[in-house]
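Text of the file upload_10.cif, holding mmCIF, C-alpha atoms and all ligand atoms:
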```cif
data_query
#
loop_
_atom_site.label_atom_id
_atom_site.label_comp_id
_atom_site.auth_asym_id
_atom_site.auth_seq_id
_atom_site.Cartn_x
_atom_site.Cartn_y
_atom_site.Cartn_z
CA MET I 1 31.77 -0.36 -20.65
CA ASN I 2 29.86 2.00 -18.37
CA PRO I 3 30.42 2.03 -14.59
CA ALA I 4 27.32 -0.09 -13.90
CA GLU I 5 28.43 -2.73 -16.41
CA GLU I 6 31.89 -2.69 -14.92
CA ARG I 7 30.49 -3.21 -11.43
CA GLU I 8 28.45 -6.14 -12.72
CA CYS I 9 31.56 -7.59 -14.35
CA ILE I 10 33.49 -7.25 -11.09
CA GLN I 11 30.72 -9.02 -9.19
CA LYS I 12 30.62 -11.84 -11.70
CA ALA I 13 34.39 -12.17 -11.66
CA ALA I 14 34.31 -12.22 -7.86
CA SER I 15 32.04 -15.24 -8.04
CA GLY I 16 34.57 -17.00 -10.27
CA ASP I 17 33.35 -16.06 -13.76
CA HIS I 18 36.40 -16.20 -16.05
CA ARG I 19 34.62 -14.56 -18.97
CA ALA I 20 33.70 -11.54 -16.89
CA PHE I 21 37.27 -11.34 -15.65
CA ARG I 22 38.55 -11.50 -19.20
CA GLN I 23 36.44 -8.45 -20.04
CA LEU I 24 38.04 -6.59 -17.16
CA VAL I 25 41.49 -7.63 -18.37
CA GLU I 26 40.71 -6.44 -21.89
CA LEU I 27 39.42 -3.15 -20.55
CA HIS I 28 42.34 -2.39 -18.24
CA SER I 29 45.43 -4.18 -19.57
CA GLY I 30 46.33 -1.17 -21.71
CA LEU I 31 46.36 1.12 -18.68
CA ALA I 32 48.30 -1.45 -16.66
CA TYR I 33 50.93 -1.84 -19.35
CA THR I 34 51.26 1.90 -19.95
CA ILE I 35 51.91 2.58 -16.27
CA ALA I 36 54.32 -0.35 -15.97
CA PHE I 37 56.27 0.72 -19.04
CA ARG I 38 56.40 4.35 -18.01
CA MET I 39 57.80 3.23 -14.68
CA THR I 40 60.25 0.57 -15.89
CA ARG I 41 60.90 1.42 -19.57
CA ASP I 42 61.31 -2.29 -20.19
CA VAL I 43 58.93 -4.27 -22.39
CA ASP I 44 59.49 -7.72 -20.85
CA GLU I 45 59.39 -6.42 -17.32
CA SER I 46 56.17 -4.51 -18.06
CA GLU I 47 54.49 -7.61 -19.47
CA ASP I 48 55.50 -9.58 -16.38
CA ILE I 49 54.17 -6.84 -14.13
CA VAL I 50 50.84 -6.76 -15.97
CA GLN I 51 50.48 -10.53 -15.63
CA GLU I 52 51.36 -10.51 -11.95
CA ALA I 53 49.03 -7.55 -11.34
CA PHE I 54 46.04 -9.35 -12.86
CA VAL I 55 46.78 -12.51 -10.89
CA ARG I 56 46.64 -10.35 -7.76
CA VAL I 57 43.42 -8.73 -8.94
CA TRP I 58 41.90 -12.15 -9.53
CA LYS I 59 42.97 -13.47 -6.16
CA ASN I 60 41.62 -10.46 -4.32
CA ILE I 61 38.71 -9.34 -6.43
CA HIS I 62 36.20 -10.25 -3.74
CA ARG I 63 38.00 -7.79 -1.48
CA TYR I 64 37.72 -5.01 -4.04
CA ASP I 65 36.78 -1.82 -2.27
CA ALA I 66 34.12 -0.01 -4.29
CA GLY I 67 35.33 3.24 -2.70
CA PHE I 68 38.19 2.98 -5.21
CA ARG I 69 37.63 3.27 -8.92
CA PHE I 70 38.59 -0.08 -10.40
CA ARG I 71 41.25 1.58 -12.57
CA THR I 72 42.70 3.24 -9.47
CA TRP I 73 43.00 -0.16 -7.85
CA ILE I 74 44.75 -1.55 -10.96
CA ALA I 75 47.02 1.50 -11.03
CA LYS I 76 47.86 0.93 -7.36
CA ILE I 77 48.82 -2.71 -7.86
CA VAL I 78 50.82 -2.02 -11.02
CA THR I 79 52.64 0.94 -9.48
CA ASN I 80 53.55 -1.08 -6.40
CA LEU I 81 54.94 -3.89 -8.54
CA SER I 82 56.86 -1.36 -10.63
CA LEU I 83 58.31 0.25 -7.51
CA ASP I 84 59.40 -3.20 -6.30
CA TYR I 85 61.17 -3.69 -9.61
CA LEU I 86 62.87 -0.28 -9.46
CA LYS I 87 64.19 -1.13 -6.00
CA SER I 88 65.41 -4.55 -7.12
CA PRO I 89 68.95 -5.14 -8.37
CA ARG I 90 67.47 -6.31 -11.68
CA SER I 91 66.39 -2.81 -12.61
CA LYS I 92 68.53 -1.13 -15.24
CA LYS I 93 69.62 2.23 -14.03
CA TRP I 94 70.65 5.06 -16.28
CA SER I 95 73.85 6.63 -15.07
CA GLY I 96 74.07 10.41 -15.10
CA LEU I 97 76.72 10.21 -17.84
CA GLU I 98 74.59 8.04 -20.10
CA LEU I 99 71.76 10.52 -19.72
CA VAL I 100 73.86 13.49 -20.70
CA GLU I 101 75.42 11.64 -23.62
CA ASN I 102 72.11 10.44 -24.91
CA MET I 103 70.58 13.84 -24.55
CA ALA I 104 73.48 15.67 -26.14
CA GLU I 105 72.95 14.04 -29.52
CA PRO I 106 70.32 15.88 -31.47
CA MET I 107 68.99 13.76 -34.31
CA ASN I 108 68.73 16.43 -36.97
CA ALA I 109 70.00 19.82 -37.91
CA ASN I 110 66.71 21.68 -38.00
CA THR I 111 66.33 24.61 -35.67
CA VAL I 112 62.88 23.25 -34.85
CA ILE I 113 63.24 20.67 -32.12
CA GLU I 114 61.63 17.41 -33.16
CA SER I 115 58.75 16.39 -30.94
CA SER I 116 60.07 12.83 -30.68
CA GLU I 117 63.38 14.17 -29.34
CA LEU I 118 61.55 16.31 -26.84
CA LYS I 119 59.47 13.34 -25.70
CA SER I 120 62.49 11.16 -25.29
CA ALA I 121 64.20 13.96 -23.33
CA VAL I 122 61.26 13.94 -20.90
CA PHE I 123 61.45 10.15 -20.55
CA ARG I 124 65.18 10.23 -19.91
CA LEU I 125 64.78 12.98 -17.34
CA ALA I 126 62.04 10.97 -15.63
CA GLU I 127 64.67 8.24 -15.13
CA GLN I 128 66.53 10.63 -12.84
CA LEU I 129 63.62 10.96 -10.45
CA THR I 130 63.40 8.99 -7.24
CA PRO I 131 60.98 6.04 -7.54
CA LYS I 132 58.33 7.93 -5.56
CA GLN I 133 58.69 11.10 -7.61
CA LYS I 134 58.51 9.04 -10.74
CA ALA I 135 55.35 7.26 -9.61
CA VAL I 136 53.64 10.57 -8.80
CA PHE I 137 54.80 12.10 -12.09
CA VAL I 138 53.60 9.11 -14.13
CA LEU I 139 50.17 8.93 -12.50
CA ARG I 140 49.48 12.65 -12.20
CA ASP I 141 51.18 14.25 -15.21
CA LEU I 142 51.29 11.42 -17.74
CA GLU I 143 48.19 9.39 -16.82
CA MET I 144 46.45 12.61 -15.79
CA MET I 145 44.77 10.97 -12.82
CA GLU I 146 43.00 13.22 -10.31
CA PRO I 147 45.12 14.19 -7.28
CA GLU I 148 42.86 12.18 -4.94
CA GLU I 149 43.22 9.12 -7.18
CA VAL I 150 47.01 9.47 -7.13
CA CYS I 151 47.00 9.70 -3.34
CA LYS I 152 44.85 6.58 -3.08
CA ALA I 153 46.94 4.65 -5.57
CA LEU I 154 50.17 5.50 -3.77
CA ASP I 155 48.88 5.53 -0.19
CA MET I 156 50.15 9.08 0.14
CA GLN I 157 48.88 12.12 1.96
CA ASP I 158 48.01 15.06 -0.26
CA GLY I 159 50.94 17.16 0.99
CA ASN I 160 53.45 14.39 0.40
CA MET I 161 52.07 13.74 -3.07
CA LYS I 162 52.27 17.43 -3.98
CA SER I 163 55.80 17.78 -2.69
CA ASN I 164 56.93 14.75 -4.72
CA LEU I 165 55.20 16.20 -7.78
CA PHE I 166 56.82 19.59 -7.24
CA HIS I 167 60.31 18.08 -7.08
CA ALA I 168 59.62 15.84 -10.06
CA ARG I 169 58.48 18.75 -12.22
CA LYS I 170 61.37 20.90 -11.03
CA LYS I 171 63.96 18.28 -11.98
CA ILE I 172 62.35 17.76 -15.36
CA LYS I 173 62.08 21.50 -15.98
CA GLU I 174 65.73 22.07 -15.10
CA GLY I 175 66.82 19.17 -17.26
CA LEU I 176 64.73 20.42 -20.17
CA GLU I 177 66.22 23.89 -19.92
CA LYS I 178 69.73 22.44 -20.12
CA TRP I 179 68.65 20.28 -23.00
CA TYR I 180 67.11 23.21 -24.89
CA GLN I 181 70.30 25.22 -24.46
CA LYS I 182 72.40 22.37 -25.84
CA GLU I 183 70.00 21.98 -28.74
CA ILE I 184 70.15 25.68 -29.51
CA ILE I 185 73.96 25.83 -29.32
CA TRP I 186 74.31 22.70 -31.41
CA ASN I 187 71.82 23.91 -34.00
CA ALA I 188 73.35 27.39 -34.14
CA GLY I 189 76.81 25.85 -34.74
CA ASN I 190 75.39 23.62 -37.43
CA VAL I 191 73.72 26.48 -39.27
CA LYS I 192 76.97 28.48 -39.39
CA SER I 193 79.15 25.71 -40.78
CA MET N 194 50.95 30.20 -11.60
CA TYR N 195 47.84 31.53 -13.24
CA LEU N 196 46.09 29.60 -15.96
CA TYR N 197 46.96 31.91 -18.78
CA GLY N 198 44.52 30.38 -21.25
CA GLU N 199 41.61 30.94 -18.87
CA LEU N 200 42.19 34.65 -18.37
CA ASN N 201 39.90 37.23 -19.90
CA ALA N 202 41.27 39.47 -22.65
CA ALA N 203 41.87 42.47 -20.39
CA ASP N 204 43.85 40.49 -17.78
CA ARG N 205 45.76 38.74 -20.47
CA ALA N 206 46.72 42.05 -22.05
CA GLU N 207 47.90 43.31 -18.68
CA ILE N 208 50.03 40.24 -18.12
CA ASP N 209 51.38 40.34 -21.65
CA GLU N 210 52.43 43.92 -21.09
CA HIS N 211 54.20 43.01 -17.88
CA LEU N 212 55.89 40.02 -19.48
CA ALA N 213 57.08 42.18 -22.34
CA ASN N 214 58.86 44.48 -19.91
CA CYS N 215 60.03 42.04 -17.24
CA GLN N 216 62.86 39.72 -18.14
CA SER N 217 62.60 37.47 -15.08
CA CYS N 218 58.83 36.91 -15.28
CA SER N 219 58.90 36.29 -18.99
CA SER N 220 61.66 33.70 -18.69
CA VAL N 221 59.79 31.91 -15.87
CA PHE N 222 56.64 32.01 -17.97
CA ALA N 223 58.46 30.64 -21.00
CA GLU N 224 60.04 27.84 -18.96
CA ILE N 225 56.70 26.77 -17.57
CA ARG N 226 55.14 26.85 -21.00
CA ARG N 227 57.94 24.70 -22.37
CA LEU N 228 57.63 22.28 -19.46
CA ASN N 229 53.87 21.95 -19.94
CA ALA N 230 54.25 21.47 -23.67
CA ALA N 231 56.90 18.79 -23.18
CA ILE N 232 54.83 16.98 -20.56
CA SER N 233 51.69 17.05 -22.73
CA LEU N 234 53.69 15.62 -25.58
CA ALA N 235 55.09 12.87 -23.36
CA ALA N 236 51.58 12.11 -22.04
CA GLU N 237 50.25 11.63 -25.57
CA ASP N 238 52.77 8.89 -26.13
CA ARG N 239 50.99 5.86 -24.68
CA PRO N 240 53.17 2.76 -24.74
CA LEU N 241 51.01 -0.29 -25.44
CA PRO N 242 51.84 -3.98 -25.18
CA PRO N 243 53.50 -5.33 -28.35
CA ASN N 244 50.79 -7.98 -28.54
CA THR N 245 47.71 -7.21 -26.48
CA ALA N 246 45.82 -10.39 -27.43
CA ASN N 247 48.78 -12.50 -26.37
CA LEU N 248 49.09 -10.66 -23.08
CA THR N 249 45.38 -11.25 -22.35
CA ARG N 250 45.85 -14.93 -23.20
CA LEU N 251 48.79 -15.19 -20.79
CA VAL N 252 46.82 -13.48 -18.03
CA MET N 253 43.89 -15.86 -18.52
CA GLU N 254 46.24 -18.87 -18.47
CA ASN N 255 47.79 -17.62 -15.26
CA ILE N 256 44.51 -17.27 -13.45
CA GLU N 257 43.41 -20.70 -14.64
CA SER N 258 45.82 -22.25 -12.15
CA VAL N 259 45.08 -19.80 -9.34
CA LYS N 260 42.03 -20.03 -7.20
CA PRO N 261 40.77 -16.74 -5.83
CA SER N 262 41.76 -16.52 -2.19
CA PHE N 263 38.21 -16.67 -0.95
CA THR N 264 38.10 -16.47 2.76
CA LEU N 265 35.20 -17.51 4.88
CA TRP N 266 34.95 -13.92 6.02
CA SER N 267 34.57 -12.61 2.50
CA MET N 268 32.07 -15.29 1.68
CA LEU N 269 30.02 -14.34 4.68
CA TRP N 270 30.31 -10.73 3.65
CA GLU N 271 29.28 -11.38 0.11
CA SER N 272 26.34 -13.49 1.09
CA ARG N 273 25.19 -10.45 3.08
CA LEU N 274 24.73 -12.36 6.31
CA ALA N 275 24.45 -10.38 9.46
CA VAL N 276 27.29 -11.48 11.69
CA SER N 277 25.81 -12.22 15.06
CA MET N 278 27.56 -13.07 18.28
CA ALA N 279 26.68 -16.66 17.62
CA ALA N 280 28.95 -16.49 14.58
CA VAL N 281 31.99 -15.39 16.57
CA SER N 282 33.67 -18.76 16.55
CA LEU N 283 33.01 -19.04 12.85
CA MET N 284 34.68 -15.67 12.41
CA LEU N 285 37.67 -16.88 14.36
CA VAL N 286 38.02 -19.76 11.96
CA ALA N 287 37.67 -17.29 9.13
CA THR N 288 40.31 -15.00 10.56
CA PHE N 289 42.62 -17.89 11.01
CA ALA N 290 41.90 -19.09 7.51
CA GLN N 291 42.94 -15.66 6.29
CA GLU N 292 46.17 -15.88 8.22
CA VAL N 293 47.22 -19.15 6.68
CA SER N 294 45.93 -18.05 3.27
CA VAL N 295 43.54 -20.54 1.79
CA GLU N 296 44.40 -19.61 -1.75
CA ASP N 297 45.60 -23.07 -2.62
CA TYR N 298 42.58 -24.80 -1.21
CA HIS N 299 39.80 -25.45 -3.57
CA VAL N 300 36.90 -23.34 -2.48
CA PRO N 301 33.53 -23.71 -4.18
CA ASN N 302 32.22 -20.52 -5.69
CA GLU N 303 28.69 -20.74 -4.39
CA GLN N 304 28.28 -17.94 -1.94
CA THR N 305 25.59 -19.63 0.04
CA LEU N 306 25.39 -20.43 3.68
CA SER N 307 25.72 -24.10 2.90
CA GLY N 308 28.84 -23.25 0.91
CA VAL N 309 30.29 -21.58 3.97
CA ARG N 310 29.47 -24.52 6.20
CA LEU N 311 30.98 -26.89 3.73
CA ASN N 312 34.16 -24.88 3.79
CA VAL N 313 34.37 -24.76 7.53
CA SER N 314 34.38 -28.51 7.67
CA GLU N 315 36.82 -28.69 4.79
CA PHE N 316 39.07 -26.23 6.51
CA ARG N 317 38.88 -28.12 9.80
CA SER N 318 39.80 -31.39 8.22
CA LEU N 319 42.71 -29.77 6.40
CA ALA N 320 43.80 -28.13 9.61
CA THR N 321 43.72 -31.47 11.40
CA ARG N 322 45.80 -33.09 8.70
CA GLN N 323 48.30 -30.29 8.96
CA LYS N 324 48.42 -30.48 12.73
CA ALA N 325 52.18 -30.34 12.76
CA LYS N 326 52.04 -26.83 11.36
CA VAL N 327 48.82 -25.58 12.87
CA PHE N 328 47.97 -24.93 16.48
CA SER N 329 44.46 -25.19 17.81
CA TRP N 330 42.78 -21.83 17.60
CA SER N 331 40.67 -22.68 20.61
CA ASP N 332 43.87 -22.42 22.69
CA CYS N 333 43.53 -18.68 22.46
CA ARG N 334 39.89 -18.49 23.36
CA THR N 335 39.81 -17.59 27.02
CA PRO N 336 36.55 -16.36 28.54
CA LEU N 337 37.74 -12.80 29.23
CA ALA N 338 39.81 -12.16 26.15
CA SER N 339 38.57 -9.60 23.67
CA ALA N 340 38.23 -10.57 20.03
CA GLY N 341 41.34 -8.50 19.28
CA ALA N 342 43.39 -10.26 21.92
CA VAL N 343 42.29 -13.65 20.62
CA LYS N 344 43.28 -12.62 17.11
CA ASP N 345 46.68 -11.40 18.33
CA CYS N 346 47.20 -14.63 20.22
CA MET N 347 46.43 -16.65 17.14
CA ARG N 348 48.73 -14.49 15.07
CA SER N 349 51.61 -15.00 17.47
CA HIS N 350 51.05 -18.76 17.46
CA PHE N 351 50.93 -18.76 13.72
CA LYS N 352 54.20 -16.84 13.47
CA GLN N 353 55.94 -19.31 15.79
CA ASN N 354 54.94 -22.22 13.63
ZN ZN Y 401 57.93 40.54 -13.48
#
```
Let me see the file written as structure tokens.
Amino acid sequence: MNPAEERECIQKAASGDHRAFRQLVELHSGLAYTIAFRMTRDVDESEDIVQEAFVRVWKNIHRYDAGFRFRTWIAKIVTNLSLDYLKSPRSKKWSGLELVENMAEPMNANTVIESSELKSAVFRLAEQLTPKQKAVFVLRDLEMMEPEEVCKALDMQDGNMKSNLFHARKKIKEGLEKWYQKEIIWNAGNVKS
Amino acid sequence: MYLYGELNAADRAEIDEHLANCQSCSSVFAEIRRLNAAISLAAEDRPLPPNTANLTRLVMENIESVKPSFTLWSMLWESRLAVSMAAVSLMLVATFAQEVSVEDYHVPNEQTLSGVRLNVSEFRSLATRQKAKVFSWSDCRTPLASAGAVKDCMRSHFKQN
């Protein structure tokens, strides 16, 4: 769907057209779910967030500000709902110990680190970020949204966004370095025996 | 940090030479490379809903029972009507309607002037029926009050109720 078609769809949906709205849902539910899951790491919670987000979009679609890209608006609503969840007592928090234990168990004895292990190390480290750092990291580094889009989605000033991103990357970098060292030591020990 | 991949061959050679001889720079460089590689890998992994079609169906079911929270203001806006001073009282109704959230009221989708008028009368009759909860917005309309002050007054009344 090109931007003009999307705009037409939004206008139709704003006048109550369910079919047009359905097209918007089909176009953006993947993005919504991806952000929700990256924030919560919980399938059920992510599905609930996506549903709630689209109800909000539907209710407010006539107020849609064309100064935003539609996907930025979706990202904003989904991120806010995800942040609410992370602040709620329902959210499952990884304890520091769990993180270390999970990360200290390499899955195989190859000296080459498996890409799936590396990915899961990044995801576990992202769980150690503050909710704000995590939101910035997810939107900027994982969703690869433009800095201005991230600021709009999170209602953040550029400086604040960059400082959150800096701390997020720093924590992940430090965690990765520790993880690599463990992997190397473990693999070296394994090779000898 | 420079974008290594975007450097020309000469600059790259110069940096490579420095990195080869400088322990601290080369370890920083390696760390950043590892971080970027790990992040790119994580970004490629796009979690998708277990059942996209089912999720879409649930969303569509949800909105079936929810009316868009059309406000008179937005309807005026969408019908591209110039808001004149004569429409001020209509706007006040609209503002108030926004405050009490009309999302549960059935609002016709026609964005015509007659649609707006229809809704004003619908809103008024609903407001009358809910008198116990709703104050009269005209209470706040004093001759010298600015639009902002009237809005604030109505807000404060609404909060009390
Ligand atoms: Zn150096």
**Message:** Report as number ranges by chain all protein, DNA and RNA residues lying within 12 Å of Arg69 of chain I, evaluated on only C-alpha atoms, omitting residues in the same chain fewer than 5 positions from it.
**Reply:** I: 3-4, 6-7, 10, 28, 64, 74-76, 145-146, 148-150, 152-153
Those residues with C-alpha atoms, as a PDB file, in the frame of the given file please?
```pdb
ATOM      1  CA  PRO I   3      30.420   2.030 -14.590  1.00  0.00           C
ATOM      2  CA  ALA I   4      27.320  -0.090 -13.900  1.00  0.00           C
ATOM      3  CA  GLU I   6      31.890  -2.690 -14.920  1.00  0.00           C
ATOM      4  CA  ARG I   7      30.490  -3.210 -11.430  1.00  0.00           C
ATOM      5  CA  ILE I  10      33.490  -7.250 -11.090  1.00  0.00           C
ATOM      6  CA  HIS I  28      42.340  -2.390 -18.240  1.00  0.00           C
ATOM      7  CA  TYR I  64      37.720  -5.010  -4.040  1.00  0.00           C
ATOM      8  CA  ILE I  74      44.750  -1.550 -10.960  1.00  0.00           C
ATOM      9  CA  ALA I  75      47.020   1.500 -11.030  1.00  0.00           C
ATOM     10  CA  LYS I  76      47.860   0.930  -7.360  1.00  0.00           C
ATOM     11  CA  MET I 145      44.770  10.970 -12.820  1.00  0.00           C
ATOM     12  CA  GLU I 146      43.000  13.220 -10.310  1.00  0.00           C
ATOM     13  CA  GLU I 148      42.860  12.180  -4.940  1.00  0.00           C
ATOM     14  CA  GLU I 149      43.220   9.120  -7.180  1.00  0.00           C
ATOM     15  CA  VAL I 150      47.010   9.470  -7.130  1.00  0.00           C
ATOM     16  CA  LYS I 152      44.850   6.580  -3.080  1.00  0.00           C
ATOM     17  CA  ALA I 153      46.940   4.650  -5.570  1.00  0.00           C
TER      18      ALA I 153
END
```
**Prompt:** Rounded to one decimal in Å, what is the spacing between atom CA of Pro242 of chain N and atom CA of Gly175 of chain I?
**Reply:** 28.7 Å
Identify, on the basis of all atoms listed in the file, every residue whose closest approach to Phe37 of chain I does not exceed 12 Å; exclude the query and any residue fewer than 2 positions from it along the same chain; express the result as a PDB file with C-alpha atoms, in the coordinates of the input.
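Output saved as around-v2.pdb:
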```pdb
ATOM      1  CA  SER I  29      45.430  -4.180 -19.570  1.00  0.00           C
ATOM      2  CA  GLY I  30      46.330  -1.170 -21.710  1.00  0.00           C
ATOM      3  CA  LEU I  31      46.360   1.120 -18.680  1.00  0.00           C
ATOM      4  CA  ALA I  32      48.300  -1.450 -16.660  1.00  0.00           C
ATOM      5  CA  TYR I  33      50.930  -1.840 -19.350  1.00  0.00           C
ATOM      6  CA  THR I  34      51.260   1.900 -19.950  1.00  0.00           C
ATOM      7  CA  ILE I  35      51.910   2.580 -16.270  1.00  0.00           C
ATOM      8  CA  MET I  39      57.800   3.230 -14.680  1.00  0.00           C
ATOM      9  CA  THR I  40      60.250   0.570 -15.890  1.00  0.00           C
ATOM     10  CA  ARG I  41      60.900   1.420 -19.570  1.00  0.00           C
ATOM     11  CA  ASP I  42      61.310  -2.290 -20.190  1.00  0.00           C
ATOM     12  CA  VAL I  43      58.930  -4.270 -22.390  1.00  0.00           C
ATOM     13  CA  ASP I  44      59.490  -7.720 -20.850  1.00  0.00           C
ATOM     14  CA  GLU I  45      59.390  -6.420 -17.320  1.00  0.00           C
ATOM     15  CA  SER I  46      56.170  -4.510 -18.060  1.00  0.00           C
ATOM     16  CA  GLU I  47      54.490  -7.610 -19.470  1.00  0.00           C
ATOM     17  CA  ASP I  48      55.500  -9.580 -16.380  1.00  0.00           C
ATOM     18  CA  ILE I  49      54.170  -6.840 -14.130  1.00  0.00           C
ATOM     19  CA  VAL I  50      50.840  -6.760 -15.970  1.00  0.00           C
ATOM     20  CA  VAL I  78      50.820  -2.020 -11.020  1.00  0.00           C
ATOM     21  CA  THR I  79      52.640   0.940  -9.480  1.00  0.00           C
ATOM     22  CA  LEU I  81      54.940  -3.890  -8.540  1.00  0.00           C
ATOM     23  CA  SER I  82      56.860  -1.360 -10.630  1.00  0.00           C
ATOM     24  CA  LEU I  83      58.310   0.250  -7.510  1.00  0.00           C
ATOM     25  CA  TYR I  85      61.170  -3.690  -9.610  1.00  0.00           C
ATOM     26  CA  LEU I  86      62.870  -0.280  -9.460  1.00  0.00           C
ATOM     27  CA  PHE I 123      61.450  10.150 -20.550  1.00  0.00           C
ATOM     28  CA  GLU I 127      64.670   8.240 -15.130  1.00  0.00           C
ATOM     29  CA  LYS I 134      58.510   9.040 -10.740  1.00  0.00           C
ATOM     30  CA  ALA I 135      55.350   7.260  -9.610  1.00  0.00           C
ATOM     31  CA  VAL I 138      53.600   9.110 -14.130  1.00  0.00           C
ATOM     32  CA  LEU I 142      51.290  11.420 -17.740  1.00  0.00           C
TER      33      LEU I 142
ATOM     34  CA  ASP N 238      52.770   8.890 -26.130  1.00  0.00           C
ATOM     35  CA  ARG N 239      50.990   5.860 -24.680  1.00  0.00           C
ATOM     36  CA  PRO N 240      53.170   2.760 -24.740  1.00  0.00           C
ATOM     37  CA  LEU N 241      51.010  -0.290 -25.440  1.00  0.00           C
ATOM     38  CA  PRO N 242      51.840  -3.980 -25.180  1.00  0.00           C
ATOM     39  CA  PRO N 243      53.500  -5.330 -28.350  1.00  0.00           C
TER      40      PRO N 243
END
```
**Request:** Compute the set of protein, DNA and RNA residues whose minimum atom distance to ligand ZN 401 (chain Y) is at most 7 Å, using all atoms listed in the file, and state it as a PyMOL selection string.
**Result:** chain N and resi 211-212+215-218
**Request:** Output the contact residues of chain I with respect to chain N at a cut-off of 8 Å, based on only C-alpha atoms, as a ChimeraX atom specification.
**Result:** /I:15-16,18,22,25-26,29-30,33-34,37-38,43,47,51,54-55,58-63,115,118-120,122-123,141-143,172-173,176-177
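In this structure, atom CA of Val136 of chain I sits 11.9 Å away from atom CA of Gln157 of chain I.
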**Request:** Report the distance between atom CA of Ser116 of chain I and atom CA of Lys132 of chain I in Å, rounded to one decimal place.
**Result:** 25.7 Å
**Request:** Find the residue from I:Leu139, I:Ala168, I:Ala126, I:Met161 that sits nearest to Thr72 of chain I; use only C-alpha atoms when measuring.
**Result:** I:Leu139
Taking all listed atoms of segment 11-26 of chain I, build the axis-aligned box, pad each of the six sides by 6 Å, then write its centre and edge lengths in Å to one decimal as AutoDock Vina command-line options.
```
--center_x 36.1 --center_y -11.7 --center_z -14.9 --size_x 22.9 --size_y 22.6 --size_z 26.0
```
Take segment 216-227 of chain N, model N, CA and C atoms, and hand the result over as a tab-separated table (two decimals), in the frame of the given file.
```
chain	number	residue	atom	x	y	z
N	216	GLN	N	62.04	40.84	-17.69
N	216	GLN	CA	62.86	39.72	-18.14
N	216	GLN	C	62.63	38.47	-17.28
N	217	SER	N	62.64	38.66	-15.94
N	217	SER	CA	62.60	37.47	-15.08
N	217	SER	C	61.24	36.77	-15.17
N	218	CYS	N	60.15	37.54	-15.17
N	218	CYS	CA	58.83	36.91	-15.28
N	218	CYS	C	58.65	36.22	-16.64
N	219	SER	N	59.13	36.88	-17.68
N	219	SER	CA	58.90	36.29	-18.99
N	219	SER	C	59.71	35.01	-19.16
N	220	SER	N	60.89	34.94	-18.54
N	220	SER	CA	61.66	33.70	-18.69
N	220	SER	C	61.03	32.57	-17.86
N	221	VAL	N	60.50	32.92	-16.67
N	221	VAL	CA	59.79	31.91	-15.87
N	221	VAL	C	58.57	31.41	-16.65
N	222	PHE	N	57.84	32.35	-17.22
N	222	PHE	CA	56.64	32.01	-17.97
N	222	PHE	C	56.98	31.10	-19.16
N	223	ALA	N	58.04	31.44	-19.84
N	223	ALA	CA	58.46	30.64	-21.00
N	223	ALA	C	58.87	29.24	-20.58
N	224	GLU	N	59.60	29.15	-19.45
N	224	GLU	CA	60.04	27.84	-18.96
N	224	GLU	C	58.84	26.95	-18.63
N	225	ILE	N	57.87	27.56	-17.96
N	225	ILE	CA	56.70	26.77	-17.57
N	225	ILE	C	55.90	26.33	-18.79
N	226	ARG	N	55.82	27.22	-19.75
N	226	ARG	CA	55.14	26.85	-21.00
N	226	ARG	C	55.85	25.70	-21.69
N	227	ARG	N	57.16	25.78	-21.72
N	227	ARG	CA	57.94	24.70	-22.37
N	227	ARG	C	57.77	23.39	-21.62
```
